[in-house]
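Below is final.txt, holding compact mmCIF, C-alpha atoms and all ligand atoms.
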# COMPACT_ATOMS: atom_id res chain seq x y z
CA MET A 1 5.47 -21.03 12.52
CA SER A 2 8.75 -19.15 12.16
CA LYS A 3 8.58 -15.60 10.91
CA THR A 4 10.91 -14.41 8.14
CA ILE A 5 11.59 -11.16 6.28
CA THR A 6 13.27 -11.01 2.87
CA LEU A 7 14.88 -7.72 1.85
CA LYS A 8 17.01 -6.39 -0.97
CA LYS A 9 20.60 -6.74 0.22
CA PRO A 10 21.33 -3.85 2.62
CA PHE A 11 23.63 -0.89 1.98
CA ASP A 12 25.84 0.37 4.82
CA ALA A 13 26.34 4.07 4.17
CA HIS A 14 29.06 4.44 6.85
CA VAL A 15 31.60 1.84 7.98
CA HIS A 16 35.18 1.79 9.30
CA LEU A 17 37.19 -1.23 8.19
CA ARG A 18 40.72 -0.09 9.25
CA ARG A 19 43.75 -1.79 7.66
CA GLY A 20 45.90 -4.91 8.10
CA ALA A 21 44.87 -7.56 10.62
CA MET A 22 41.84 -5.61 11.84
CA LEU A 23 40.59 -5.15 8.27
CA ARG A 24 41.01 -8.86 7.56
CA ALA A 25 38.99 -9.73 10.67
CA VAL A 26 36.08 -7.32 10.28
CA THR A 27 35.55 -6.97 6.52
CA PRO A 28 33.90 -10.42 6.02
CA LEU A 29 31.43 -9.56 8.78
CA THR A 30 30.28 -6.39 7.03
CA ALA A 31 30.26 -8.24 3.70
CA ALA A 32 27.96 -10.90 5.14
CA GLU A 33 25.35 -8.32 6.14
CA PHE A 34 25.70 -5.69 3.41
CA GLY A 35 26.16 -5.91 -0.37
CA ARG A 36 27.85 -2.51 -0.57
CA ALA A 37 29.24 -0.03 1.92
CA ILE A 38 30.65 3.48 2.01
CA ILE A 39 34.14 3.04 3.47
CA MET A 40 35.35 5.74 5.86
CA PRO A 41 38.81 7.22 5.13
CA ASN A 42 40.09 7.93 8.67
CA THR A 43 42.77 5.29 8.54
CA GLU A 44 46.31 5.99 9.66
CA PRO A 45 47.59 7.58 7.42
CA PRO A 46 44.34 9.01 6.04
CA ILE A 47 43.01 8.30 2.54
CA GLU A 48 43.47 11.63 0.76
CA THR A 49 44.37 10.69 -2.84
CA VAL A 50 42.69 8.49 -5.44
CA GLU A 51 45.81 6.31 -5.57
CA GLN A 52 45.56 5.63 -1.83
CA ALA A 53 41.85 4.87 -2.22
CA ALA A 54 42.64 2.37 -5.01
CA GLU A 55 45.18 0.57 -2.79
CA TYR A 56 42.77 0.55 0.12
CA LYS A 57 39.98 -0.87 -2.05
CA LYS A 58 42.28 -3.70 -3.18
CA GLU A 59 43.05 -4.57 0.43
CA ILE A 60 39.32 -4.66 1.28
CA LEU A 61 38.47 -6.87 -1.70
CA ALA A 62 41.29 -9.25 -0.83
CA ALA A 63 39.84 -9.64 2.66
CA CYS A 64 36.44 -10.80 1.45
CA GLY A 65 37.51 -12.91 -1.51
CA GLY A 66 39.49 -16.14 -1.31
CA LEU A 67 38.39 -16.95 2.22
CA THR A 68 39.02 -20.41 3.60
CA SER A 69 36.00 -21.98 5.25
CA ALA A 70 37.64 -21.54 8.64
CA GLU A 71 37.92 -17.79 8.11
CA SER A 72 34.42 -17.26 6.81
CA ARG A 73 32.75 -17.65 10.19
CA ASN A 74 31.42 -15.08 12.60
CA PRO A 75 32.43 -15.10 16.28
CA GLN A 76 29.52 -17.44 17.07
CA GLY A 77 30.90 -19.97 14.58
CA ASP A 78 28.18 -19.50 11.93
CA ALA A 79 29.29 -19.78 8.31
CA LEU A 80 29.16 -16.45 6.44
CA ARG A 81 28.14 -15.72 2.85
CA VAL A 82 30.45 -12.92 1.76
CA SER A 83 30.70 -13.07 -2.01
CA GLY A 84 30.33 -10.01 -4.22
CA PHE A 85 30.87 -7.26 -1.65
CA GLU A 86 31.45 -3.84 -3.22
CA PRO A 87 33.37 -1.22 -1.20
CA LEU A 88 32.56 2.37 -2.20
CA MET A 89 35.54 4.56 -1.48
CA THR A 90 35.81 8.02 0.10
CA LEU A 91 38.49 10.68 0.62
CA TYR A 92 39.26 12.47 3.88
CA LEU A 93 38.81 16.26 3.78
CA THR A 94 42.32 17.11 5.00
CA LYS A 95 44.22 20.29 4.18
CA ASN A 96 46.04 18.31 1.45
CA LEU A 97 42.85 17.52 -0.46
CA THR A 98 42.64 19.62 -3.64
CA PRO A 99 39.91 20.40 -6.18
CA ALA A 100 42.00 18.47 -8.76
CA GLU A 101 41.74 15.32 -6.62
CA ILE A 102 37.94 15.73 -6.51
CA GLU A 103 37.90 15.82 -10.31
CA LYS A 104 40.02 12.67 -10.48
CA GLY A 105 37.72 10.98 -7.98
CA ILE A 106 34.60 11.77 -10.00
CA ALA A 107 36.25 10.66 -13.25
CA GLY A 108 37.14 7.34 -11.61
CA ASP A 109 40.06 6.42 -13.89
CA VAL A 110 42.26 5.44 -10.94
CA CYS A 111 39.51 4.80 -8.41
CA LYS A 112 35.93 5.99 -8.36
CA ILE A 113 35.35 8.14 -5.28
CA SER A 114 31.80 8.12 -3.92
CA ALA A 115 32.09 10.91 -1.34
CA VAL A 116 34.36 13.11 0.78
CA LYS A 117 34.25 12.86 4.58
CA SER A 118 34.77 15.79 6.93
CA TYR A 119 35.93 15.34 10.53
CA PRO A 120 36.16 18.30 12.91
CA TYR A 121 39.74 18.58 14.16
CA GLY A 122 40.22 16.65 17.40
CA ALA A 123 36.63 15.39 17.79
CA THR A 124 37.15 11.65 17.40
CA THR A 125 39.39 8.77 16.29
CA ASN A 126 42.01 9.97 13.76
CA SER A 127 40.40 13.38 13.35
CA GLN A 128 43.73 15.21 13.76
CA TRP A 129 43.87 15.83 10.00
CA GLY A 130 40.47 17.56 9.84
CA TYR A 131 39.68 21.27 9.50
CA ARG A 132 38.66 23.20 12.60
CA SER A 133 35.64 24.37 10.60
CA ILE A 134 34.30 22.79 7.42
CA LEU A 135 33.68 26.31 6.04
CA GLU A 136 37.47 26.81 5.67
CA ALA A 137 37.57 24.25 2.84
CA ALA A 138 35.93 26.60 0.32
CA ASN A 139 37.81 25.64 -2.86
CA VAL A 140 37.25 21.93 -2.40
CA LEU A 141 33.58 22.39 -1.45
CA LYS A 142 33.00 24.54 -4.53
CA LYS A 143 34.46 21.87 -6.76
CA MET A 144 32.42 19.16 -5.03
CA GLU A 145 29.24 21.17 -5.57
CA GLU A 146 30.15 21.68 -9.23
CA VAL A 147 30.84 18.00 -10.00
CA GLY A 148 28.19 16.40 -7.73
CA MET A 149 30.51 14.83 -5.17
CA PRO A 150 28.65 14.21 -1.87
CA LEU A 151 29.97 15.67 1.40
CA LEU A 152 29.65 13.42 4.46
CA LEU A 153 29.61 15.37 7.69
CA HIS A 154 30.75 14.41 11.11
CA GLY A 155 28.41 17.14 12.27
CA GLU A 156 29.78 18.32 15.58
CA VAL A 157 31.39 21.55 16.74
CA HIS A 158 34.27 20.32 18.88
CA LEU A 159 36.26 23.49 19.63
CA ASN A 160 35.09 27.06 20.13
CA GLU A 161 36.84 30.09 18.61
CA ASP A 162 39.39 30.12 21.45
CA ASP A 163 40.19 26.44 20.80
CA GLU A 164 38.46 25.33 24.00
CA GLU A 165 36.41 22.15 23.93
CA GLU A 166 32.65 22.53 23.75
CA ASP A 167 30.42 20.29 25.87
CA PRO A 168 30.53 17.06 23.81
CA TYR A 169 26.82 16.46 24.48
CA ASP A 170 26.12 19.80 22.80
CA GLY A 171 28.44 19.55 19.78
CA GLU A 172 25.86 18.26 17.31
CA ARG A 173 23.28 20.88 18.34
CA LEU A 174 25.88 23.63 17.85
CA PHE A 175 26.73 22.28 14.41
CA ILE A 176 23.07 22.14 13.41
CA THR A 177 22.37 25.68 14.57
CA ASP A 178 25.64 27.48 13.76
CA VAL A 179 27.36 25.69 10.90
CA LEU A 180 25.02 23.53 8.78
CA PRO A 181 22.62 26.32 7.70
CA ARG A 182 25.59 28.45 6.56
CA LEU A 183 27.07 25.51 4.66
CA LEU A 184 23.77 24.78 2.91
CA ASP A 185 23.25 28.46 2.03
CA THR A 186 26.76 28.89 0.65
CA TYR A 187 26.64 25.70 -1.48
CA PRO A 188 22.99 25.32 -2.46
CA LYS A 189 23.64 22.42 -4.87
CA LEU A 190 26.12 20.47 -2.71
CA LYS A 191 24.91 16.96 -1.81
CA VAL A 192 25.24 16.69 1.97
CA SER A 193 24.80 13.79 4.38
CA LEU A 194 24.66 14.39 8.12
CA GLU A 195 26.27 11.20 9.39
CA HIS A 196 25.29 9.29 12.56
CA LEU A 197 22.51 11.68 13.53
CA SER A 198 22.19 11.45 17.31
CA SER A 199 20.21 14.32 18.81
CA GLU A 200 16.73 15.68 19.05
CA ASN A 201 17.89 18.93 17.36
CA ALA A 202 19.39 17.09 14.40
CA ALA A 203 16.29 14.89 14.00
CA ALA A 204 14.05 17.98 13.91
CA PHE A 205 16.34 19.79 11.46
CA ILE A 206 16.50 16.84 9.07
CA GLU A 207 12.78 16.15 9.24
CA LYS A 208 12.14 19.76 8.26
CA ASN A 209 14.93 20.35 5.72
CA GLY A 210 15.85 16.89 4.41
CA GLU A 211 15.49 16.23 0.71
CA ALA A 212 16.46 13.07 -1.19
CA GLY A 213 19.52 13.77 -3.35
CA ARG A 214 20.36 17.02 -1.52
CA LEU A 215 20.30 16.75 2.29
CA VAL A 216 20.13 13.33 3.91
CA ALA A 217 21.06 11.71 7.22
CA THR A 218 22.38 8.32 8.28
CA VAL A 219 21.44 6.60 11.54
CA THR A 220 23.43 4.01 13.53
CA PRO A 221 22.08 1.03 15.48
CA HIS A 222 23.60 2.36 18.70
CA HIS A 223 21.86 5.74 18.61
CA LEU A 224 18.55 3.87 18.16
CA LEU A 225 19.19 1.35 20.93
CA TYR A 226 20.85 3.11 23.84
CA GLY A 227 20.52 6.16 26.07
CA ARG A 228 23.13 8.19 27.91
CA HIS A 229 22.61 6.31 31.16
CA GLU A 230 23.60 2.95 29.64
CA ALA A 231 26.37 4.45 27.54
CA GLU A 232 28.07 6.17 30.45
CA SER A 233 28.41 2.92 32.35
CA ASN A 234 29.67 0.76 29.47
CA PRO A 235 33.07 1.54 27.86
CA LEU A 236 32.02 -0.37 24.72
CA LEU A 237 29.40 2.33 24.11
CA LYS A 238 31.92 5.19 24.07
CA VAL A 239 31.45 6.78 20.65
CA LYS A 240 31.34 10.14 18.86
CA PRO A 241 28.80 11.60 18.56
CA LEU A 242 28.07 10.58 22.14
CA ILE A 243 24.96 8.54 22.86
CA LYS A 244 22.51 11.10 24.23
CA ASP A 245 19.56 11.14 26.63
CA GLU A 246 16.29 9.21 26.18
CA LYS A 247 14.62 12.23 24.60
CA SER A 248 17.16 12.27 21.80
CA LYS A 249 17.07 8.48 21.42
CA ASN A 250 13.29 8.62 21.05
CA ALA A 251 13.51 11.48 18.55
CA VAL A 252 15.94 9.46 16.40
CA ARG A 253 13.66 6.42 16.67
CA ALA A 254 10.61 8.50 15.70
CA LEU A 255 12.52 9.92 12.71
CA VAL A 256 13.37 6.48 11.24
CA ALA A 257 9.81 5.24 11.86
CA LYS A 258 8.52 7.96 9.50
CA GLY A 259 10.04 6.20 6.50
CA LEU A 260 11.46 9.39 4.96
CA PRO A 261 13.38 8.87 1.69
CA PHE A 262 16.32 10.97 2.96
CA VAL A 263 17.03 8.91 6.11
CA PHE A 264 18.93 5.63 5.93
CA ALA A 265 21.27 3.13 7.58
CA GLY A 266 24.94 3.89 8.23
CA THR A 267 26.22 1.61 10.96
CA ASP A 268 29.38 3.57 11.87
CA SER A 269 30.75 0.16 12.86
CA ALA A 270 34.19 1.18 14.16
CA PRO A 271 36.32 -1.62 15.60
CA HIS A 272 39.04 -1.06 18.20
CA PRO A 273 41.10 -3.73 19.96
CA GLU A 274 39.92 -4.65 23.45
CA ALA A 275 43.06 -3.14 25.04
CA LYS A 276 42.22 0.29 23.57
CA LYS A 277 38.49 0.11 24.20
CA LEU A 278 38.83 -0.93 27.82
CA SER A 279 41.78 1.32 28.74
CA PRO A 280 41.02 4.26 31.08
CA THR A 281 41.13 6.69 28.14
CA GLY A 282 38.97 4.38 25.97
CA ALA A 283 38.84 4.82 22.17
CA PHE A 284 35.70 6.22 20.52
CA GLY A 285 33.90 3.70 18.29
CA ILE A 286 31.31 0.91 18.48
CA PHE A 287 31.79 -2.31 16.53
CA SER A 288 28.38 -3.40 15.24
CA ALA A 289 29.13 -5.22 11.96
CA PRO A 290 28.30 -8.77 13.19
CA ALA A 291 24.71 -7.86 14.15
CA ALA A 292 23.88 -4.51 12.54
CA VAL A 293 21.09 -5.58 10.17
CA GLU A 294 19.53 -7.69 12.90
CA LEU A 295 19.59 -4.80 15.38
CA TYR A 296 18.02 -2.35 12.94
CA THR A 297 15.31 -4.95 12.26
CA GLN A 298 14.68 -5.36 15.97
CA VAL A 299 14.25 -1.60 16.42
CA PHE A 300 11.89 -1.28 13.44
CA GLU A 301 9.82 -4.16 14.85
CA GLU A 302 9.66 -2.43 18.24
CA LEU A 303 8.53 0.75 16.46
CA GLY A 304 5.83 -1.09 14.47
CA ALA A 305 7.61 0.11 11.33
CA LEU A 306 8.80 -3.10 9.64
CA ASP A 307 7.14 -1.88 6.43
CA LYS A 308 9.72 0.96 6.38
CA LEU A 309 12.74 -1.28 6.97
CA GLU A 310 13.67 -2.16 3.37
CA ASN A 311 13.79 1.46 2.19
CA PHE A 312 15.90 2.42 5.22
CA LEU A 313 18.35 -0.47 4.83
CA SER A 314 18.49 -1.10 1.12
CA VAL A 315 16.91 1.60 -1.07
CA ASN A 316 17.40 5.17 0.22
CA GLY A 317 21.19 4.82 0.66
CA PRO A 318 22.04 3.63 -2.86
CA ARG A 319 19.63 6.21 -4.32
CA PHE A 320 21.56 9.07 -2.64
CA TYR A 321 24.73 7.76 -4.28
CA GLY A 322 23.04 7.47 -7.69
CA LEU A 323 22.95 3.66 -7.55
CA GLU A 324 20.19 1.12 -7.98
CA PRO A 325 19.24 -0.96 -4.94
CA SER A 326 20.84 -4.42 -4.88
CA SER A 327 19.34 -7.17 -7.02
CA LYS A 328 20.39 -9.72 -4.35
CA THR A 329 18.37 -10.43 -1.23
CA ILE A 330 18.87 -11.52 2.36
CA THR A 331 16.40 -13.30 4.62
CA LEU A 332 16.07 -12.64 8.32
CA MET A 333 14.44 -15.11 10.68
CA LYS A 334 12.80 -14.25 14.00
CA LYS A 335 15.10 -16.08 16.36
CA ASP A 336 16.75 -15.16 19.66
CA TRP A 337 20.54 -15.29 19.82
CA GLN A 338 23.38 -13.71 21.74
CA VAL A 339 26.88 -12.51 20.97
CA THR A 340 29.05 -14.25 23.54
CA GLU A 341 32.50 -14.10 21.89
CA PRO A 342 34.79 -11.38 20.54
CA VAL A 343 36.12 -11.33 16.98
CA VAL A 344 39.83 -12.23 17.13
CA THR A 345 42.25 -10.86 14.53
CA ASP A 346 45.03 -12.98 13.02
CA GLU A 347 47.41 -11.03 15.29
CA GLY A 348 45.46 -12.12 18.37
CA ASP A 349 43.63 -8.86 19.16
CA LYS A 350 40.09 -9.25 20.51
CA VAL A 351 37.33 -6.95 19.25
CA TRP A 352 34.03 -6.92 21.15
CA PRO A 353 30.83 -6.39 19.17
CA ILE A 354 27.94 -4.27 20.43
CA CYS A 355 25.31 -6.13 22.49
CA ASN A 356 27.64 -8.87 23.70
CA THR A 357 26.81 -10.66 26.92
CA VAL A 358 30.24 -10.14 28.52
CA HIS A 359 30.57 -6.35 28.56
CA GLY A 360 26.95 -5.24 28.58
CA SER A 361 24.24 -5.81 31.14
CA GLY A 362 24.81 -9.54 30.56
CA SER A 363 21.32 -10.13 29.23
CA GLU A 364 21.46 -8.76 25.70
CA THR A 365 19.40 -10.86 23.34
CA ILE A 366 19.11 -10.13 19.62
CA ARG A 367 15.68 -11.03 18.20
CA TRP A 368 16.42 -11.57 14.49
CA LYS A 369 19.12 -13.49 12.62
CA ILE A 370 20.25 -13.37 8.99
CA GLN A 371 19.97 -16.79 7.37
CA ASN A 372 23.06 -17.86 5.46
O1 LIG A 401 33.19 6.94 17.65
C1 LIG A 401 33.69 7.11 16.54
N1 LIG A 401 34.63 6.27 16.07
N2 LIG A 401 33.31 8.17 15.82
C2 LIG A 401 33.95 8.50 14.69
O2 LIG A 401 33.58 9.48 14.09
C3 LIG A 401 35.12 7.72 14.23
C4 LIG A 401 35.07 6.36 14.73
C5 LIG A 401 36.35 5.58 14.55
O3 LIG A 401 36.98 5.68 13.51
O4 LIG A 401 36.72 4.84 15.48
ZN ZN A 402 32.32 6.94 11.56
Is it possible to express this structure as structure tokens?
Ligand code: DOR
Ligand code: ZN
Amino acid sequence: MSKTITLKKPFDAHVHLRRGAMLRAVTPLTAAEFGRAIIMPNTEPPIETVEQAAEYKKEILAACGGLTSAESRNPQGDALRVSGFEPLMTLYLTKNLTPAEIEKGIAGDVCKISAVKSYPYGATTNSQWGYRSILEAANVLKKMEEVGMPLLLHGEVHLNEDDEEEDPYDGERLFITDVLPRLLDTYPKLKVSLEHLSSENAAAFIEKNGEAGRLVATVTPHHLLYGRHEAESNPLLKVKPLIKDEKSKNAVRALVAKGLPFVFAGTDSAPHPEAKKLSPTGAFGIFSAPAAVELYTQVFEELGALDKLENFLSVNGPRFYGLEPSSKTITLMKKDWQVTEPVVTDEGDKVWPICNTVHGSGSETIRWKIQN
């Protein structure tokens, strides 16, 4: 007999959709897996005003409404159900972002803003507009604390005080020990999410200090699935924060298996064209949208924690953002399948999803499949 799981429609608390042809190609894939998603603002140029967020939201909605049947297919050719996707918009914490913009974002007259994202200067894709240290943004952080606007952290120290690069395997640990405690002490009411938690140190810190509605963490499929050894030999697994050693992978897996109300899914699906991903300098970012829910399910099954899956995917995320879980559902079926093809944009760029059989070990099999 085939095994199925029905869940409230998942919530992706961290996704990159880009703009233009890339956005048109990847947005229906996220919309097929998730009912709502927190949309990252590190586009080029960045999203730093409510007007820009409103424009961006329109572009996203246009990409998952009015699809022809030919367009509403994943790379494997399966039809996708993409109706009713709700993008939740964010602003980039650049030096141009003002307390007044935070007020406009909370009011929502032009565009409701769900959170503000901080990138450490120089650490990753399009992070050149970020602060060197989050603590420099005092006026904006104060306003965010006052009005209840969540702060989403790319929690890595990238540069030291002399502007030299830290060891990228150590950046998250440095942030957790040197920066995060100071941030939490200075802004005791600020809602904070440590995004894409990837290390043993971060897992321990969040387990000890996490609190629903105050300090939460999101977890990606790739930090649950891979270790440093695999990541260093596969350019598709180049990502920030870097995929760390087995000890960290197992600590992140153990954290999600606990079923804590302040830990939830954020895919960090971040598409780049093949030419950029496979070039010698290789862009940071893993594209997981076409299989993210399936991969999380696979990990929770491996961990014997399927009873914790629905809260992780569909309940804890919306609760942090003050929203009810979705009233829609999805059903997953236990079924082996493989990703053998890239997504191709309408400008002809190929984008390779995580776990494909061409650029991985060649034997990646995904154990669950969403039924459309
Ligand atoms: O690997 C990453 N890619 N990490 C980020 O923080 C940004 C993302 C992207 O936008 O490509
Ligand atoms: Zn990201």
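Of the residues under consideration (A:Leu91, A:Met333, A:Leu225, A:Leu23), A:Leu23 shows the shortest atom-to-atom contact distance to A:Ala62 when counting all atoms listed in the file.
Take the candidates A:Glu33, A:Glu324, A:Glu364, A:Asp349 and check each one against A:Val82 using all atoms listed in the file; the shortest distance goes to A:Glu33.
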Q) Within 9 Å of (18.9, -5.1, 9.5), in the coordinates the file gives, what residues turn up when you count only C-alpha atoms, written out as a ChimeraX atom specification? A) /A:10,33,265,291-298,300,309-310,313,332,368-370
Sorted per-residue table, chain A near ligand ZN 402 (chain A), closest atoms and distance, 9 Å, all atoms listed in the file, as JSON lines:
{"residue": "A:His14", "atom": "CA", "partner": "A:ZN402", "partner_atom": "ZN", "distance": 6.2}
{"residue": "A:Val15", "atom": "CA", "partner": "A:ZN402", "partner_atom": "ZN", "distance": 6.3}
{"residue": "A:His16", "atom": "CA", "partner": "A:ZN402", "partner_atom": "ZN", "distance": 6.3}
{"residue": "A:Met40", "atom": "CA", "partner": "A:ZN402", "partner_atom": "ZN", "distance": 6.6}
{"residue": "A:Asn42", "atom": "CA", "partner": "A:ZN402", "partner_atom": "ZN", "distance": 8.3}
{"residue": "A:Thr124", "atom": "CA", "partner": "A:ZN402", "partner_atom": "ZN", "distance": 8.9}
{"residue": "A:Thr125", "atom": "CA", "partner": "A:ZN402", "partner_atom": "ZN", "distance": 8.7}
{"residue": "A:His154", "atom": "CA", "partner": "A:ZN402", "partner_atom": "ZN", "distance": 7.6}
{"residue": "A:Glu195", "atom": "CA", "partner": "A:ZN402", "partner_atom": "ZN", "distance": 7.7}
{"residue": "A:His196", "atom": "CA", "partner": "A:ZN402", "partner_atom": "ZN", "distance": 7.5}
{"residue": "A:Lys240", "atom": "CA", "partner": "A:ZN402", "partner_atom": "ZN", "distance": 8.0}
{"residue": "A:Gly266", "atom": "CA", "partner": "A:ZN402", "partner_atom": "ZN", "distance": 8.7}
{"residue": "A:Thr267", "atom": "CA", "partner": "A:ZN402", "partner_atom": "ZN", "distance": 8.1}
{"residue": "A:Asp268", "atom": "CA", "partner": "A:ZN402", "partner_atom": "ZN", "distance": 4.5}
{"residue": "A:Ser269", "atom": "CA", "partner": "A:ZN402", "partner_atom": "ZN", "distance": 7.1}
{"residue": "A:Ala270", "atom": "CA", "partner": "A:ZN402", "partner_atom": "ZN", "distance": 6.6}
{"residue": "A:Gly285", "atom": "CA", "partner": "A:ZN402", "partner_atom": "ZN", "distance": 7.6}
Output file for the residues above (C-alpha atoms, as an mmCIF file, in the frame of the given file):
data_model
loop_
_atom_site.group_PDB
_atom_site.id
_atom_site.type_symbol
_atom_site.label_atom_id
_atom_site.label_comp_id
_atom_site.auth_asym_id
_atom_site.auth_seq_id
_atom_site.Cartn_x
_atom_site.Cartn_y
_atom_site.Cartn_z
ATOM 1 C CA HIS A 14 29.060 4.440 6.850
ATOM 2 C CA VAL A 15 31.600 1.840 7.980
ATOM 3 C CA HIS A 16 35.180 1.790 9.300
ATOM 4 C CA MET A 40 35.350 5.740 5.860
ATOM 5 C CA ASN A 42 40.090 7.930 8.670
ATOM 6 C CA THR A 124 37.150 11.650 17.400
ATOM 7 C CA THR A 125 39.390 8.770 16.290
ATOM 8 C CA HIS A 154 30.750 14.410 11.110
ATOM 9 C CA GLU A 195 26.270 11.200 9.390
ATOM 10 C CA HIS A 196 25.290 9.290 12.560
ATOM 11 C CA LYS A 240 31.340 10.140 18.860
ATOM 12 C CA GLY A 266 24.940 3.890 8.230
ATOM 13 C CA THR A 267 26.220 1.610 10.960
ATOM 14 C CA ASP A 268 29.380 3.570 11.870
ATOM 15 C CA SER A 269 30.750 0.160 12.860
ATOM 16 C CA ALA A 270 34.190 1.180 14.160
ATOM 17 C CA GLY A 285 33.900 3.700 18.290
#
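Distance annotation: of A:Gly213, A:Pro273, A:Pro261, A:Gly360, the residue with the minimal separation from A:Pro235 is A:Gly360; atom set is only C-alpha atoms.
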Padding 8 Å on every side, please: axis-aligned box over the listed atoms of ligand LIG 401 (chain A), centre and edge lengths to one decimal in Å, as AutoDock Vina command-line options.
--center_x 35.1 --center_y 7.2 --center_z 15.6 --size_x 19.8 --size_y 20.6 --size_z 20.1
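Nearest residue to ligand LIG 401 (chain A), choosing from A:Pro75, A:Pro271, A:Pro99, A:Pro150 and counting only C-alpha atoms and all ligand atoms: A:Pro271.
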Would you mind completing stretch 209-214 of chain A so that it carries all heavy atoms, and writing it out as an mmCIF file, keeping the file's coordinate frame?
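Ended up saving to out05.cif:
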data_model
loop_
_atom_site.group_PDB
_atom_site.id
_atom_site.type_symbol
_atom_site.label_atom_id
_atom_site.label_comp_id
_atom_site.auth_asym_id
_atom_site.auth_seq_id
_atom_site.Cartn_x
_atom_site.Cartn_y
_atom_site.Cartn_z
ATOM 1 N N ASN A 209 14.153 19.872 6.877
ATOM 2 C CA ASN A 209 14.930 20.350 5.720
ATOM 3 C C ASN A 209 15.458 19.248 4.803
ATOM 4 O O ASN A 209 16.044 19.541 3.767
ATOM 5 C CB ASN A 209 16.129 21.174 6.206
ATOM 6 C CG ASN A 209 15.705 22.375 7.012
ATOM 7 O OD1 ASN A 209 15.126 23.311 6.461
ATOM 8 N ND2 ASN A 209 15.937 22.344 8.306
ATOM 9 N N GLY A 210 15.300 17.993 5.203
ATOM 10 C CA GLY A 210 15.850 16.890 4.410
ATOM 11 C C GLY A 210 15.208 16.829 3.026
ATOM 12 O O GLY A 210 14.055 17.230 2.845
ATOM 13 N N GLU A 211 15.991 16.330 2.086
ATOM 14 C CA GLU A 211 15.490 16.230 0.710
ATOM 15 C C GLU A 211 16.336 15.171 0.012
ATOM 16 O O GLU A 211 17.581 15.285 -0.002
ATOM 17 C CB GLU A 211 15.700 17.607 0.047
ATOM 18 C CG GLU A 211 15.085 17.758 -1.309
ATOM 19 C CD GLU A 211 15.495 19.105 -1.942
ATOM 20 O OE1 GLU A 211 15.737 20.098 -1.214
ATOM 21 O OE2 GLU A 211 15.609 19.119 -3.173
ATOM 22 N N ALA A 212 15.704 14.147 -0.535
ATOM 23 C CA ALA A 212 16.460 13.070 -1.190
ATOM 24 C C ALA A 212 17.349 13.684 -2.268
ATOM 25 O O ALA A 212 16.906 14.560 -3.014
ATOM 26 C CB ALA A 212 15.500 12.056 -1.786
ATOM 27 N N GLY A 213 18.608 13.265 -2.322
ATOM 28 C CA GLY A 213 19.520 13.770 -3.350
ATOM 29 C C GLY A 213 20.181 15.087 -2.988
ATOM 30 O O GLY A 213 21.069 15.555 -3.692
ATOM 31 N N ARG A 214 19.793 15.712 -1.877
ATOM 32 C CA ARG A 214 20.360 17.020 -1.520
ATOM 33 C C ARG A 214 20.831 17.064 -0.063
ATOM 34 O O ARG A 214 21.978 17.360 0.219
ATOM 35 C CB ARG A 214 19.288 18.094 -1.785
ATOM 36 C CG ARG A 214 19.442 19.385 -1.002
ATOM 37 C CD ARG A 214 20.675 20.175 -1.401
ATOM 38 N NE ARG A 214 20.671 21.516 -0.784
ATOM 39 C CZ ARG A 214 21.746 22.077 -0.252
ATOM 40 N NH1 ARG A 214 22.897 21.471 -0.254
ATOM 41 N NH2 ARG A 214 21.664 23.289 0.269
#
